[in-house]
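Novice: I have a structure here, written as structure tokens, and I will follow up with some questions on it.
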Amino acid sequence: MHNARMSHAQRAQTSDGVCFVRAYAKINLTLDVLGRRADGYHDLATVMQTVDLYDTICLSPIEDSRVQLVSTIAELSNDDNLALRAAQLVRQRLAPRQGVLIELYKRIPVAAGLGGGSSDAAAVLRALQQWWQLPLSPSDLLDMAISLGSDVPFFLNGGLALCEGRGERVTALAPYWPGSMRWLLLLKPAIRVSTAAVFRNLPSSDYSDDTHSRAVRAAVNARQMPRLEDLHNCFERSVLEDYPEVARARADLLQAGAPVVRLSGTGPTLFAPFSELSYARRVQEQLQTQGYEVYLSRAIHPNEGIVSIY
Ligand code: C5P
């Protein structure tokens, strides 16, 4: 664990008994699947970075001791919602009489490979820890995070990190981000992809060792742009083959002028880095006229405040 103390910027904002917190999306610069484990999960090595596309969560007290969730996307207002489960977990363990209403303003596309649900869960854990002043150690938080999902530990701090094991072994990397990747287009094809299904269908011939992730880690530690061949995602080949919408979107991004395109997580979102805002914007507009959902974003460290220096 790193950054056990929250900076000012990452603190949940509280006013009049109400608590607001942002939950940022992520992209995967690398995603190496090393092998299948006896527990059904896979061992991974992945370098992840939070980006400034975020959900807004508002927590407020309610009279009884229930946890309730209301989302701007109606289908997410159910018992499987990770933000809801995070609050239930905290309440069960530490504050059995506290009730809370979670209002979830969703902006991060759902089932998209951007970690939205996991980020919401981590944000609720951090916000409740602060708001209810809970005596949670970093390892308590980590245990709760991993019990909610493999990506949740990364989102406790966000930024740039190498994640290993199931995803729970998080090593923070120096906050370097290459100038040639200053702006990021995130293109979400109009399909949803089940993470479990994509893992299940991955042939072992697409497994790798952790070479790419280690190389990217070494490059950013040396404040250098990683080699493009190390921006490797084990799932890219099979997702492009199994989901023609993703292959088409990738071709359209390249055709519109994106120099590099990669899959985020298990997809279907693709990301394309740019060095110039005006160029990124032109490509975004072109793709939007073709009917695509495209976000213009950038790497963000939730701890950094309003000025970011890479
Ligand atoms: O941990 P989480 O619930 O987010 O994972 C969703 C699914 O992705 C798991 O049920 C599993 O099928 C797959 N997965 C995996 N190995 C990982 C992470 C996820 O097989 N390290």
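Labels for the structure tokens follow display order: chains A, B, ..., residues from 1 in each chain, ligands from 1.
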Please identify all polymer residues within 9 Å of Ser77 in chain A, counting only C-alpha atoms, omitting same-chain residues fewer than 6 positions from it, and present them as a list of chain:residue names.

Specialist: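 Near neighbours after the sequence-gap exclusion: A:Gln68, A:Leu69, A:Val70, A:Ser71, A:Leu84, A:Leu104.
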
Novice: Write a file of the just-selected residues containing C-alpha atoms, as a CSV table (one decimal), in the first residue's frame.

Specialist:
chain,number,residue,atom,x,y,z
A,68,GLN,CA,-29.7,2.4,-0.5
A,69,LEU,CA,-28.4,3.3,-3.9
A,70,VAL,CA,-29.9,5.4,-6.6
A,71,SER,CA,-28.0,5.8,-9.9
A,84,LEU,CA,-23.6,-0.5,-2.6
A,104,LEU,CA,-24.3,7.6,-8.1

Novice: So that I can see what lies close to range 202-210 of chain A, please list as a PyMOL selection string the residues with an atom at most 7 Å from it, counting only C-alpha atoms and leaving out residues fewer than 4 positions away in the same chain.

Specialist: chain A and resi 32-35+45+198+214+234+238

Novice: Can I get the selection written as an mmCIF file, in the first residue's frame, with C-alpha atoms?

Specialist:
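Generated file (result_12.cif):
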data_model
loop_
_atom_site.group_PDB
_atom_site.id
_atom_site.type_symbol
_atom_site.label_atom_id
_atom_site.label_comp_id
_atom_site.auth_asym_id
_atom_site.auth_seq_id
_atom_site.Cartn_x
_atom_site.Cartn_y
_atom_site.Cartn_z
ATOM 1 C CA ASP A 32 -0.133 -9.417 -19.249
ATOM 2 C CA VAL A 33 -2.028 -12.566 -18.279
ATOM 3 C CA LEU A 34 0.545 -14.953 -16.832
ATOM 4 C CA GLY A 35 -1.590 -18.032 -16.234
ATOM 5 C CA ALA A 45 0.884 -8.061 -14.454
ATOM 6 C CA VAL A 198 -13.252 -12.613 -22.046
ATOM 7 C CA ARG A 214 8.282 -4.701 -16.313
ATOM 8 C CA CYS A 234 -3.048 -10.024 -23.935
ATOM 9 C CA SER A 238 -9.022 -12.264 -29.133
#

Novice: Name the closest residue to ligand 1 among the candidates A:Gly99, A:Gly165, A:Pro61, A:Gly113; distances are taken between atoms, counting only C-alpha atoms and all ligand atoms.

Specialist: A:Gly165

Novice: Write out as a ChimeraX atom specification all residues of range 23-240 of chain A that DSSP puts in alpha helix (DSSP H) for this structure's backbone.

Specialist: /A:82-94,116-131,138-148,152-155,195-200,211-221,236-240

Novice: So which residues are near ligand 1, meaning at most 8 Å away with only C-alpha atoms and all ligand atoms counted, given back as a VMD selection string?

Specialist: chain A and resid 36 40 to 44 118 146 148 to 152 165 to 167 195 to 200

Novice: Go ahead and write the residues just picked, C-alpha atoms, as a PDB file, in the first residue's frame.

Specialist:
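Below is the file that was written, again27.pdb:
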ATOM      1  CA  ARG A  36      -4.710 -19.514 -14.709  1.00  0.00           C
ATOM      2  CA  GLY A  40     -10.252 -19.799 -11.158  1.00  0.00           C
ATOM      3  CA  TYR A  41      -8.697 -16.328 -11.327  1.00  0.00           C
ATOM      4  CA  HIS A  42      -5.672 -15.458 -13.438  1.00  0.00           C
ATOM      5  CA  ASP A  43      -2.296 -14.113 -12.380  1.00  0.00           C
ATOM      6  CA  LEU A  44      -1.705 -10.745 -13.984  1.00  0.00           C
ATOM      7  CA  SER A 118     -14.399  -0.972  -9.178  1.00  0.00           C
ATOM      8  CA  ILE A 146      -9.908  -7.237  -2.822  1.00  0.00           C
ATOM      9  CA  LEU A 148     -15.051  -6.574  -3.734  1.00  0.00           C
ATOM     10  CA  GLY A 149     -13.026  -7.086  -6.941  1.00  0.00           C
ATOM     11  CA  SER A 150      -9.571  -7.520  -8.429  1.00  0.00           C
ATOM     12  CA  ASP A 151      -9.237  -3.892  -9.635  1.00  0.00           C
ATOM     13  CA  VAL A 152     -10.586  -2.266  -6.466  1.00  0.00           C
ATOM     14  CA  GLY A 165      -1.271 -11.251  -8.472  1.00  0.00           C
ATOM     15  CA  ARG A 166      -5.027 -11.108  -9.023  1.00  0.00           C
ATOM     16  CA  GLY A 167      -4.525  -7.336  -9.194  1.00  0.00           C
ATOM     17  CA  THR A 195     -14.889  -9.539 -18.184  1.00  0.00           C
ATOM     18  CA  ALA A 196     -15.461 -13.101 -16.987  1.00  0.00           C
ATOM     19  CA  ALA A 197     -16.321 -14.283 -20.535  1.00  0.00           C
ATOM     20  CA  VAL A 198     -13.252 -12.613 -22.046  1.00  0.00           C
ATOM     21  CA  PHE A 199     -10.997 -14.227 -19.420  1.00  0.00           C
ATOM     22  CA  ARG A 200     -12.682 -17.599 -19.983  1.00  0.00           C
TER      23      ARG A 200
END

Novice: Please identify the strand (DSSP E) residues within range 6-123 of chain A (assignment by DSSP from backbone atoms) and present them as a PyMOL selection string.

Specialist: chain A and resi 13-15+18-36+42-61+67-71+100-105

Novice: Excluding Gln288 in chain A and its own-chain neighbours fewer than 2 positions away, which residues fall within 12 Å of it when counting only C-alpha atoms? Please give them as a ChimeraX atom specification.

Specialist: /A:185-189,249,252-253,256,281-286,290-296

Novice: Just checking: using only C-alpha atoms, which residue out of A:Ile191, A:Ile108, A:Leu29, A:Val67 ends up closest to Ala215 in chain A?

Specialist: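 Ranked by minimum distance to Ala215 in chain A, first place goes to A:Leu29.
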
Novice: Contacts of Leu94 in chain A at 8 Å or less, counting only C-alpha atoms, minus same-chain residues fewer than 3 places along, as an MDAnalysis selection string?

Specialist: chainID A and resid 90:91 134

Novice: Those residues you just picked out, can you put them in a file as a CSV table (one decimal), in the first residue's frame with C-alpha atoms?

Specialist:
chain,number,residue,atom,x,y,z
A,90,VAL,CA,-18.1,-1.2,5.8
A,91,ARG,CA,-21.4,-1.0,7.7
A,134,LEU,CA,-13.4,4.6,10.9

Novice: Could you list, as a ChimeraX atom specification, every residue within 9 Å of Gly159 in chain A, counting only C-alpha atoms and ignoring same-chain residues fewer than 5 positions away?

Specialist: /A:26,48-51,154,172-175,299-303
